[in-house]
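K.L.:
Input structure: query-v4.txt, which contains compact mmCIF, C-alpha atoms.
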# COMPACT_ATOMS: atom_id res chain seq x y z
CA MET A 1 69.27 98.66 -72.78
CA SER A 2 69.78 98.69 -69.03
CA GLY A 3 68.28 102.17 -68.74
CA ALA A 4 65.28 101.17 -70.81
CA GLY A 5 64.85 98.05 -68.70
CA SER A 6 64.88 100.11 -65.52
CA VAL A 7 62.27 102.47 -66.87
CA HIS A 8 60.12 99.54 -67.96
CA GLY A 9 60.45 97.87 -64.52
CA ALA A 10 59.51 101.08 -62.72
CA ALA A 11 56.50 101.49 -64.96
CA SER A 12 55.44 97.91 -64.27
CA ASP A 13 55.73 98.44 -60.51
CA ALA A 14 53.68 101.61 -60.75
CA ALA A 15 51.03 99.79 -62.73
CA ASP A 16 50.88 97.03 -60.13
CA ALA A 17 50.48 99.61 -57.39
CA LEU A 18 47.50 101.08 -59.21
CA ARG A 19 45.68 97.73 -59.49
CA PRO A 20 42.41 97.67 -57.48
CA GLU A 21 43.61 94.51 -55.73
CA ALA A 22 46.99 95.96 -54.68
CA ARG A 23 45.83 97.76 -51.54
CA LEU A 24 43.54 94.86 -50.64
CA GLU A 25 46.42 92.40 -50.97
CA LYS A 26 48.59 94.57 -48.75
CA ALA A 27 45.86 94.68 -46.11
CA VAL A 28 45.42 90.90 -46.25
CA ARG A 29 49.15 90.25 -45.79
CA ALA A 30 49.28 92.65 -42.86
CA ALA A 31 46.22 91.00 -41.27
CA GLU A 32 47.73 87.54 -41.75
CA GLN A 33 50.94 88.47 -39.99
CA ALA A 34 49.10 90.26 -37.19
CA LEU A 35 46.90 87.20 -36.60
CA ILE A 36 49.89 84.85 -36.59
CA GLU A 37 51.73 87.02 -34.06
CA PHE A 38 48.58 87.05 -31.90
CA GLU A 39 48.32 83.26 -32.07
CA ILE A 40 52.00 82.85 -31.14
CA ALA A 41 51.51 85.02 -28.06
CA LEU A 42 48.29 83.18 -27.17
CA GLU A 43 49.88 79.74 -27.49
CA THR A 44 52.85 80.80 -25.36
CA PHE A 45 50.52 82.12 -22.65
CA ARG A 46 48.41 78.96 -22.79
CA ILE A 47 51.50 76.81 -22.22
CA GLU A 48 52.57 79.02 -19.32
CA VAL A 49 49.09 78.77 -17.75
CA GLU A 50 49.07 74.96 -18.09
CA ASN A 51 52.53 74.62 -16.56
CA PHE A 52 51.70 77.00 -13.71
CA SER A 53 48.42 75.18 -13.07
CA ARG A 54 50.26 71.87 -12.81
CA LEU A 55 52.81 73.25 -10.37
CA HIS A 56 50.11 75.06 -8.40
CA HIS A 57 48.16 71.81 -7.99
CA GLN A 58 51.16 69.78 -6.93
CA ARG A 59 52.66 72.28 -4.50
CA LEU A 60 49.52 73.77 -3.00
CA GLY A 61 46.90 71.06 -3.52
CA PRO A 62 47.81 69.18 -0.32
CA MET A 63 47.60 72.41 1.70
CA TYR A 64 44.13 73.21 0.36
CA ALA A 65 43.07 69.64 1.14
CA ARG A 66 44.43 69.95 4.68
CA LEU A 67 42.53 73.20 5.21
CA ASP A 68 39.28 71.55 4.05
CA GLU A 69 39.87 68.63 6.40
CA LEU A 70 40.61 70.95 9.35
CA ASP A 71 37.50 73.02 8.61
CA ALA A 72 35.41 69.85 8.68
CA MET A 73 37.01 68.67 11.93
CA ILE A 74 36.49 72.07 13.57
CA ALA A 75 32.83 72.12 12.52
CA GLU A 76 32.35 68.59 13.83
CA ALA A 77 34.01 69.47 17.14
CA ARG A 78 31.75 72.48 17.53
CA ALA A 79 28.67 70.39 16.79
CA ALA A 80 29.73 67.76 19.30
CA ARG A 81 30.20 70.37 22.02
CA SER A 82 27.01 72.34 21.38
CA GLY A 83 24.59 69.62 20.29
CA ASP A 84 22.93 72.31 18.17
CA PRO A 85 21.21 70.91 15.03
CA GLU A 86 22.38 73.95 13.06
CA ASP A 87 26.00 73.23 14.02
CA ALA A 88 25.46 69.62 13.02
CA ARG A 89 24.18 70.75 9.61
CA LYS A 90 27.21 72.98 9.10
CA ALA A 91 29.48 70.09 10.08
CA ARG A 92 27.88 67.84 7.48
CA GLU A 93 28.29 70.53 4.82
CA ALA A 94 31.94 71.06 5.74
CA ARG A 95 32.61 67.32 5.61
CA ALA A 96 30.95 67.09 2.20
CA LEU A 97 33.46 69.60 0.85
CA VAL A 98 36.41 67.39 1.77
CA GLN A 99 37.63 65.59 -1.33
CA PRO A 100 37.85 61.81 -0.90
CA MET A 101 41.21 60.16 -1.42
CA PRO A 102 41.55 59.01 -5.03
CA GLY A 103 42.00 55.36 -5.88
CA VAL A 104 45.37 54.02 -6.93
CA GLU A 105 44.46 53.92 -10.61
CA GLU A 106 43.21 57.51 -10.54
CA LEU A 107 46.22 58.66 -8.56
CA PHE A 108 48.73 57.17 -10.98
CA HIS A 109 46.86 57.30 -14.28
CA ASP A 110 49.50 59.64 -15.73
CA TRP A 111 52.42 57.76 -14.18
CA LEU A 112 51.99 54.33 -15.71
CA ASP A 113 54.20 53.26 -18.58
CA SER A 114 54.81 50.03 -20.50
CA GLU A 115 56.93 48.68 -17.64
CA GLY A 116 54.47 49.50 -14.89
CA LEU A 117 54.78 52.31 -12.38
CA SER A 118 57.09 55.16 -13.25
CA PRO A 119 59.91 56.06 -10.81
CA GLU A 120 57.81 58.95 -9.46
CA ALA A 121 54.84 56.69 -8.72
CA ALA A 122 57.06 54.04 -7.11
CA ALA A 123 58.62 56.73 -4.94
CA MET A 124 55.20 57.80 -3.68
CA LEU A 125 54.26 54.24 -2.76
CA THR A 126 57.48 53.77 -0.80
CA ASP A 127 57.33 57.17 0.93
CA GLN A 128 60.39 58.38 -0.93
CA PRO A 129 60.77 61.99 -2.09
CA VAL A 130 58.95 62.62 -5.33
CA ARG A 131 60.68 64.57 -8.04
CA PRO A 132 58.59 67.67 -8.85
CA PRO A 133 57.53 68.12 -12.45
CA ALA A 134 60.01 70.02 -14.57
CA ARG A 135 59.00 73.58 -15.25
CA VAL A 136 58.90 74.00 -19.00
CA ARG A 137 60.36 77.33 -20.02
CA PRO A 138 61.23 77.29 -23.71
CA SER A 139 64.66 78.75 -24.42
CA ASP A 140 65.08 81.90 -26.46
CA GLU A 141 66.23 79.78 -29.40
CA ALA A 142 63.18 77.51 -29.06
CA ARG A 143 60.94 80.57 -29.06
CA LYS A 144 62.67 81.87 -32.20
CA LEU A 145 62.32 78.52 -33.97
CA TYR A 146 58.68 78.31 -32.97
CA ARG A 147 57.87 81.79 -34.20
CA ASP A 148 59.65 81.16 -37.53
CA LEU A 149 57.82 77.86 -38.05
CA VAL A 150 54.41 79.30 -37.24
CA ARG A 151 54.99 82.25 -39.57
CA LYS A 152 55.90 79.91 -42.43
CA ALA A 153 53.57 76.97 -41.88
CA HIS A 154 50.48 78.52 -40.31
CA PRO A 155 47.23 76.99 -41.63
CA ASP A 156 45.83 80.47 -42.22
CA LEU A 157 48.25 80.79 -45.13
CA ALA A 158 46.83 77.74 -46.95
CA GLN A 159 45.22 78.26 -50.33
CA ASP A 160 43.02 75.13 -50.31
CA GLU A 161 41.72 72.46 -47.92
CA THR A 162 44.42 69.92 -48.79
CA GLU A 163 47.16 72.38 -47.99
CA ARG A 164 45.35 73.49 -44.83
CA ALA A 165 45.15 69.90 -43.57
CA ARG A 166 48.89 69.42 -44.18
CA ARG A 167 49.70 72.61 -42.32
CA GLU A 168 47.37 71.85 -39.41
CA GLU A 169 48.97 68.43 -38.89
CA PHE A 170 52.43 69.99 -39.01
CA ILE A 171 51.60 72.85 -36.64
CA THR A 172 50.12 70.36 -34.16
CA ARG A 173 53.54 68.72 -33.96
CA VAL A 174 55.24 72.10 -33.71
CA ASN A 175 52.98 73.14 -30.80
CA ALA A 176 53.64 69.84 -28.98
CA ALA A 177 57.41 70.27 -29.33
CA TYR A 178 57.23 73.88 -28.15
CA ALA A 179 55.09 72.91 -25.15
CA ARG A 180 57.91 70.55 -24.07
CA GLY A 181 60.61 73.10 -24.84
CA ASP A 182 62.15 70.54 -27.23
CA GLU A 183 64.59 72.68 -29.18
CA PRO A 184 66.22 69.79 -31.15
CA LEU A 185 62.83 68.59 -32.38
CA LEU A 186 61.90 72.12 -33.41
CA ARG A 187 65.09 72.22 -35.50
CA GLU A 188 64.13 68.92 -37.13
CA LEU A 189 60.67 70.26 -37.91
CA ALA A 190 62.20 73.38 -39.43
CA GLY A 191 64.23 71.17 -41.78
CA GLU A 192 61.17 69.07 -42.58
CA TRP A 193 59.15 72.12 -43.53
CA ALA A 194 61.95 73.54 -45.65
CA ALA A 195 62.06 70.29 -47.64
CA GLY A 196 58.28 69.98 -47.96
CA PRO A 197 56.08 70.74 -50.96
CA ALA A 198 55.40 74.36 -51.83
CA PRO A 199 51.87 75.70 -51.37
CA ARG A 200 49.63 75.15 -54.38
CA ALA A 201 48.51 78.09 -56.49
CA PRO A 202 45.12 79.64 -55.65
CA ARG A 203 42.15 78.49 -57.70
CA LEU A 204 39.91 81.49 -57.04
CA SER A 205 40.36 84.81 -58.73
CA GLU A 206 42.66 87.21 -56.96
CA SER A 207 39.87 89.46 -55.73
CA GLU A 208 37.72 86.56 -54.53
CA GLU A 209 40.64 85.03 -52.67
CA LEU A 210 41.59 88.31 -50.99
CA TYR A 211 38.06 89.18 -49.84
CA ALA A 212 37.46 85.65 -48.56
CA ARG A 213 40.77 85.69 -46.69
CA LEU A 214 40.05 89.03 -45.01
CA GLU A 215 36.65 87.83 -43.82
CA TRP A 216 38.10 84.58 -42.46
CA LEU A 217 40.95 86.37 -40.69
CA SER A 218 38.50 88.73 -39.02
CA GLN A 219 36.34 85.86 -37.75
CA ARG A 220 39.32 83.92 -36.44
CA LYS A 221 40.69 86.96 -34.63
CA GLU A 222 37.35 87.37 -32.84
CA MET A 223 37.38 83.72 -31.79
CA LEU A 224 40.99 83.87 -30.54
CA THR A 225 40.25 87.06 -28.62
CA LEU A 226 37.56 85.19 -26.69
CA VAL A 227 40.00 82.35 -25.96
CA ALA A 228 42.59 84.84 -24.72
CA GLN A 229 40.03 86.52 -22.47
CA GLU A 230 39.04 83.18 -20.95
CA LEU A 231 42.69 82.35 -20.21
CA GLU A 232 43.40 85.77 -18.71
CA GLN A 233 40.25 85.73 -16.58
CA SER A 234 40.78 82.19 -15.27
CA ALA A 235 42.03 81.84 -11.69
CA ILE A 236 45.41 80.49 -12.79
CA GLY A 237 45.75 83.02 -15.61
CA ALA A 238 45.05 85.91 -13.25
CA MET A 239 47.61 84.58 -10.76
CA LEU A 240 50.22 84.17 -13.48
CA ARG A 241 49.68 87.73 -14.68
CA MET A 242 50.44 88.95 -11.15
CA ALA A 243 54.01 87.67 -11.40
CA PRO A 244 54.85 86.86 -15.03
CA ASP A 245 58.61 87.12 -14.47
CA ASP A 246 58.80 85.04 -11.27
CA PRO A 247 55.74 82.77 -10.88
CA ASP A 248 57.69 80.39 -8.62
CA ARG A 249 58.05 83.15 -6.05
CA LEU A 250 54.28 83.74 -6.17
CA LEU A 251 53.72 80.05 -5.38
CA GLU A 252 56.07 80.34 -2.43
CA GLU A 253 54.19 83.36 -1.09
CA ILE A 254 50.84 81.57 -1.41
CA ALA A 255 52.32 78.48 0.26
CA GLU A 256 53.47 80.60 3.20
CA GLN A 257 49.98 82.06 3.58
CA LEU A 258 48.39 78.62 3.44
CA LEU A 259 50.81 77.23 6.01
CA ALA A 260 49.88 80.08 8.35
CA GLU A 261 46.18 79.30 7.84
CA VAL A 262 46.79 75.60 8.53
CA ALA A 263 48.61 76.46 11.76
CA GLY A 264 45.74 78.70 12.82
CA ARG A 265 43.14 76.01 12.09
CA GLU A 266 45.15 73.40 14.01
CA THR A 267 45.36 75.72 17.02
CA GLU A 268 41.61 76.31 16.90
CA LEU A 269 40.91 72.56 16.63
CA SER A 270 43.16 71.79 19.59
CA ARG A 271 41.29 74.35 21.67
CA LEU A 272 37.94 72.78 20.78
CA VAL A 273 38.86 69.18 21.51
CA GLN A 274 40.53 69.85 24.86
Translate this structure into structure tokens?
P.N.:
Amino acid sequence: MSGAGSVHGAASDAADALRPEARLEKAVRAAEQALIEFEIALETFRIEVENFSRLHHQRLGPMYARLDELDAMIAEARAARSGDPEDARKAREARALVQPMPGVEELFHDWLDSEGLSPEAAAMLTDQPVRPPARVRPSDEARKLYRDLVRKAHPDLAQDETERARREEFITRVNAAYARGDEPLLRELAGEWAAGPAPRAPRLSESEELYARLEWLSQRKEMLTLVAQELEQSAIGAMLRMAPDDPDRLLEEIAEQLLAEVAGRETELSRLVQ
């Protein structure tokens, strides 16, 4: 009996392989996994760009502001010395580029909680050192959990709109936890997904479902490729790609260059106002 069963099973597998939908199904599954891997890489890069942008603004923003202010003061000093209308015009343009100081509400809009000013905001008001924002670098385990969750719960794997909505809501929470590097929460979400309802059976015929899925996957890949290009071509994205393994060192190098420029502007201003 066992030999006959083996022969029957092999024949069944061979028959399945000959089905017109078999190769199409294989292509769809491969495309699904490729798209999910692409989205994982894109989301990771997006988080890195956002974190680097935040640090770049905090560490280097004051230096850029100081350079703008010095440029305006130098232009104004030149205009005062020459009396030339063209110099006066340039001075007005330089002054217009200087960003005005934000109001208190704008300055602390992200630092207010239910009890009032956060410790960081209070420190700024009292001239105390401000704790820099934590650099979020998800651990290897967090990355593994994230990849596993996205592979299992990705909305692209949904068979109907109800299931897609459930998956999209879940993945939104997964992305938020990953952005914070919250490994414990990712573990909780993994348990939640494991205990959740199984995907519902497809309602379309097999061929209709497979062709529709391939078309949708192709369109989504094109859209995500454009998003990736925009991230890579942005100023922060380009900077991050210059030093993906040590972006903090890149910030330090830029800061050193800006400090040298500030010193040069201050020397030039002193020479003009003497």
K.L.:
Could you check which of A:Leu210, A:Met242, A:Leu226, A:Ala235 is closest to Ala31 of chain A, using only C-alpha atoms?
P.N.:
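Residue with the minimum atom-to-atom distance to Ala31 of chain A: A:Leu210.
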K.L.:
Identify which of the residues A:Met73, A:Leu60, A:Asp68, A:Glu21 lies closest to Val273 of chain A, counting all atoms listed in the file when measuring atom-to-atom distances.
P.N.:
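The answer is A:Met73, which sits nearest to Val273 of chain A.
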K.L.:
Just want the 10 Å neighbourhood of Asn175 of chain A, counted on all atoms listed in the file, with same-chain residues fewer than 6 positions away dropped. Output as an MDAnalysis selection string.
P.N.:
chainID A and resid 40 43:44 47 146 149:150 181 186
K.L.:
For Phe38 of chain A, which residue out of A:Ala91, A:Leu67, A:Ala228, A:Glu50 is the nearest one, using all atoms listed in the file?
P.N.:
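Counting all atoms listed in the file, the residue closest to Phe38 of chain A is A:Ala228.
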K.L.:
Just give me the residues with any atom within 10 Å of (37.1, 73.3, 20.2), file coordinates, counting only C-alpha atoms, written as a list in words.
P.N.:
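Residues with an atom at most 10 Å from (37.1, 73.3, 20.2): Met73, Ile74, Ala75, Glu76, Ala77, Arg78, Ala79, Ala80, Arg81, Thr267, Glu268, Leu269, Ser270, Arg271, Leu272, Val273 and Gln274 of chain A.
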K.L.:
Just give me the residues with any atom within 10 Å of (44.0, 80.2, -44.3), file coordinates, counting all atoms listed in the file, written as a ChimeraX atom specification.
P.N.:
/A:32,154-161,163-164,167,212-214,216-217,220
K.L.:
May I ask for the distance between atom CA of Gly264 of chain A and atom CA of Asp71 of chain A, given in Å to one decimal place?
P.N.:
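Answer for the atom CA of Gly264 of chain A to atom CA of Asp71 of chain A separation: 10.9 Å.
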K.L.:
Mind giving me the straight-line distance from atom CA of Arg151 of chain A to atom CA of Glu37 of chain A in Å, one decimal?
P.N.:
8.0 Å
K.L.:
Between atom CA of Gln257 of chain A and atom CA of Gln229 of chain A, what is the distance, to one decimal in Å?
P.N.:
28.2 Å
K.L.:
What's around Leu185 of chain A at 10 Å? Count all atoms listed in the file, leave out sequence neighbours fewer than 4 positions away in its own chain, and write the answer as a CSV table (one decimal) with C-alpha atoms, in the coordinates of the input.
P.N.:
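So the final result, stored in around_12.csv, reads:
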chain,number,residue,atom,x,y,z
A,142,ALA,CA,63.2,77.5,-29.1
A,173,ARG,CA,53.5,68.7,-34.0
A,174,VAL,CA,55.2,72.1,-33.7
A,176,ALA,CA,53.6,69.8,-29.0
A,177,ALA,CA,57.4,70.3,-29.3
A,178,TYR,CA,57.2,73.9,-28.2
A,180,ARG,CA,57.9,70.6,-24.1
A,181,GLY,CA,60.6,73.1,-24.8
A,189,LEU,CA,60.7,70.3,-37.9
A,190,ALA,CA,62.2,73.4,-39.4
A,191,GLY,CA,64.2,71.2,-41.8
K.L.:
Atoms are missing here; could segment 219-242 of chain A be completed with N, CA and C atoms and written as a PDB file, in the coordinates of the input?
P.N.:
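Result went into part04.pdb, see below:
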ATOM      1  N   GLN A 219      37.092  86.789 -38.591  1.00  0.00           N
ATOM      2  CA  GLN A 219      36.340  85.860 -37.750  1.00  0.00           C
ATOM      3  C   GLN A 219      37.248  85.099 -36.794  1.00  0.00           C
ATOM      4  N   ARG A 220      38.388  84.671 -37.305  1.00  0.00           N
ATOM      5  CA  ARG A 220      39.320  83.920 -36.440  1.00  0.00           C
ATOM      6  C   ARG A 220      39.896  84.804 -35.343  1.00  0.00           C
ATOM      7  N   LYS A 221      40.178  86.048 -35.664  1.00  0.00           N
ATOM      8  CA  LYS A 221      40.690  86.960 -34.630  1.00  0.00           C
ATOM      9  C   LYS A 221      39.670  87.140 -33.515  1.00  0.00           C
ATOM     10  N   GLU A 222      38.398  87.241 -33.865  1.00  0.00           N
ATOM     11  CA  GLU A 222      37.350  87.370 -32.840  1.00  0.00           C
ATOM     12  C   GLU A 222      37.309  86.132 -31.954  1.00  0.00           C
ATOM     13  N   MET A 223      37.410  84.952 -32.568  1.00  0.00           N
ATOM     14  CA  MET A 223      37.380  83.720 -31.790  1.00  0.00           C
ATOM     15  C   MET A 223      38.593  83.628 -30.857  1.00  0.00           C
ATOM     16  N   LEU A 224      39.774  83.952 -31.366  1.00  0.00           N
ATOM     17  CA  LEU A 224      40.990  83.870 -30.540  1.00  0.00           C
ATOM     18  C   LEU A 224      40.971  84.904 -29.427  1.00  0.00           C
ATOM     19  N   THR A 225      40.362  86.041 -29.672  1.00  0.00           N
ATOM     20  CA  THR A 225      40.250  87.060 -28.620  1.00  0.00           C
ATOM     21  C   THR A 225      39.432  86.527 -27.453  1.00  0.00           C
ATOM     22  N   LEU A 226      38.362  85.789 -27.750  1.00  0.00           N
ATOM     23  CA  LEU A 226      37.560  85.190 -26.690  1.00  0.00           C
ATOM     24  C   LEU A 226      38.362  84.150 -25.916  1.00  0.00           C
ATOM     25  N   VAL A 227      39.154  83.347 -26.624  1.00  0.00           N
ATOM     26  CA  VAL A 227      40.000  82.350 -25.960  1.00  0.00           C
ATOM     27  C   VAL A 227      40.999  83.032 -25.044  1.00  0.00           C
ATOM     28  N   ALA A 228      41.614  84.111 -25.531  1.00  0.00           N
ATOM     29  CA  ALA A 228      42.590  84.840 -24.720  1.00  0.00           C
ATOM     30  C   ALA A 228      41.942  85.424 -23.469  1.00  0.00           C
ATOM     31  N   GLN A 229      40.741  85.956 -23.620  1.00  0.00           N
ATOM     32  CA  GLN A 229      40.030  86.520 -22.470  1.00  0.00           C
ATOM     33  C   GLN A 229      39.730  85.452 -21.426  1.00  0.00           C
ATOM     34  N   GLU A 230      39.329  84.267 -21.886  1.00  0.00           N
ATOM     35  CA  GLU A 230      39.040  83.180 -20.950  1.00  0.00           C
ATOM     36  C   GLU A 230      40.303  82.778 -20.175  1.00  0.00           C
ATOM     37  N   LEU A 231      41.433  82.697 -20.875  1.00  0.00           N
ATOM     38  CA  LEU A 231      42.690  82.350 -20.210  1.00  0.00           C
ATOM     39  C   LEU A 231      43.080  83.418 -19.190  1.00  0.00           C
ATOM     40  N   GLU A 232      42.992  84.680 -19.595  1.00  0.00           N
ATOM     41  CA  GLU A 232      43.400  85.770 -18.710  1.00  0.00           C
ATOM     42  C   GLU A 232      42.491  85.883 -17.493  1.00  0.00           C
ATOM     43  N   GLN A 233      41.203  85.578 -17.671  1.00  0.00           N
ATOM     44  CA  GLN A 233      40.250  85.730 -16.580  1.00  0.00           C
ATOM     45  C   GLN A 233      40.149  84.485 -15.702  1.00  0.00           C
ATOM     46  N   SER A 234      40.787  83.378 -16.104  1.00  0.00           N
ATOM     47  CA  SER A 234      40.780  82.190 -15.270  1.00  0.00           C
ATOM     48  C   SER A 234      41.582  82.448 -13.994  1.00  0.00           C
ATOM     49  N   ALA A 235      41.329  81.647 -12.970  1.00  0.00           N
ATOM     50  CA  ALA A 235      42.030  81.840 -11.690  1.00  0.00           C
ATOM     51  C   ALA A 235      43.537  81.727 -11.872  1.00  0.00           C
ATOM     52  N   ILE A 236      43.978  80.695 -12.593  1.00  0.00           N
ATOM     53  CA  ILE A 236      45.410  80.490 -12.790  1.00  0.00           C
ATOM     54  C   ILE A 236      45.990  81.590 -13.672  1.00  0.00           C
ATOM     55  N   GLY A 237      45.266  81.965 -14.727  1.00  0.00           N
ATOM     56  CA  GLY A 237      45.750  83.020 -15.610  1.00  0.00           C
ATOM     57  C   GLY A 237      45.923  84.336 -14.872  1.00  0.00           C
ATOM     58  N   ALA A 238      44.959  84.666 -14.021  1.00  0.00           N
ATOM     59  CA  ALA A 238      45.050  85.910 -13.250  1.00  0.00           C
ATOM     60  C   ALA A 238      46.240  85.865 -12.294  1.00  0.00           C
ATOM     61  N   MET A 239      46.459  84.719 -11.660  1.00  0.00           N
ATOM     62  CA  MET A 239      47.610  84.580 -10.760  1.00  0.00           C
ATOM     63  C   MET A 239      48.921  84.733 -11.526  1.00  0.00           C
ATOM     64  N   LEU A 240      48.993  84.113 -12.691  1.00  0.00           N
ATOM     65  CA  LEU A 240      50.220  84.170 -13.480  1.00  0.00           C
ATOM     66  C   LEU A 240      50.506  85.594 -13.930  1.00  0.00           C
ATOM     67  N   ARG A 241      49.483  86.348 -14.249  1.00  0.00           N
ATOM     68  CA  ARG A 241      49.680  87.730 -14.680  1.00  0.00           C
ATOM     69  C   ARG A 241      50.178  88.613 -13.545  1.00  0.00           C
ATOM     70  N   MET A 242      49.958  88.185 -12.287  1.00  0.00           N
ATOM     71  CA  MET A 242      50.440  88.950 -11.150  1.00  0.00           C
ATOM     72  C   MET A 242      51.955  88.907 -11.038  1.00  0.00           C
TER      73      MET A 242
END
